Every structure is written in structure tokens, then in C-alpha cells.
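Here is the structure we will look at.
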Amino acid sequence: MDMVTKIPEGGYYMGKGGGILNAILGSLYLASGGTFLAMVFSVPIALYLKTYLGDSKWGHYVRLSLDVLWGIPSIVYGAFGFTLNDRTRHPRFLIGASSSLH
């Protein structure tokens with residue numbers, strides 16, 4: 001229990017003590033922030049869908065789109081975001097083009 005309630009003292013591999021309290025608190029902060037952000041966006045959307053769109057054609061389209069998005073595993077979104085980020089920050093075709101100009 002001592003490991004969970006203490007913060008790292010530094011130099012754990014050099015014989016000093018350590019703990020994981022800051023990692024636990026950081027995880028709780030991130031989870032709380034993500035939950036709050038999701039609630040800020042999802043509650044108004046759900047109320048709008050239920051109150052104003054009802055059984056309209058647009059409402060069915062939005063619900064179908066959300067069902068498709070919810071059916072995709074989060075690792076796919078992560079891989080897509082990583083690939084998109086990698087392509088936009090490090091475009092390999094520009095590296096080849098710039099090296100051929102010298």
C-alpha cells in the first residue's frame with residue numbers, strides 16, 4: 001500500500017523509494033476531463049435528436065451515422081489519427097523532392 005500512496009522520490013533504480021500516486025492522479029484527471037468534455041457535447045446532441053428531429057428522415061440519418069461510429073473500435077480511430085498526423089507532419093514525398101533539388 002505504501003507504493004500506491006507515495007510519489008516517486010527520484011532515482012528509483014539507484015536505490016531510492018518510489019510510488020505511483022502521481023500516475024494514478026494523472027489518470028483520474030484525464031478520465032474526468034474526457035468525461036466532462038464528452039458530456040458537454042453529447043447531452044445537447046441527444047436532447048436535440050430526441051426533441052427536434054424525432055422520427056424525421058434527417059433524424060434517422062443522424063442515428064444511423066452515430067450507430068456506425070459507435071460500432072468502430074477505438075483502436076481504428078487511433079490508427080487513423082496517427083496515420084493522418086504522420087502524413088501531415090512528415091510528408092515523405094516532400095523529403096524526396098527537396099533532396100533532388102540539390
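Chain labels run A, B, ... following the order of the C-alpha cells; each chain numbers its residues from 1, and ligands are numbered from 1 in the order shown.
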
Neighbour list for Ile7 of chain A as a ChimeraX atom specification, cut-off 7 Å, only C-alpha atoms, skip fewer than 5 positions in-chain: /A:18-22

Residues within 12 Å of segment 32-46 of chain A, only C-alpha atoms, excluding chain neighbours under 6 positions, as a ChimeraX atom specification: /A:25-26,52-54,59,62-63,66

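You will find atom CA of Ala23 of chain A at 10.5 Å from atom CA of Lys6 of chain A.
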
Interatomic distance (Å, one decimal) between atom CA of Ile24 of chain A and atom CA of Val4 of chain A: 8.2 Å

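Of note, atom CA of Ile72 of chain A and atom CA of Asn85 of chain A are spaced 19.6 Å apart.
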
Filtered DSSP result for segment 1-78 of chain A, state alpha helix (DSSP H), as a ChimeraX atom specification: /A:2-5,21-48,57-71,74-78
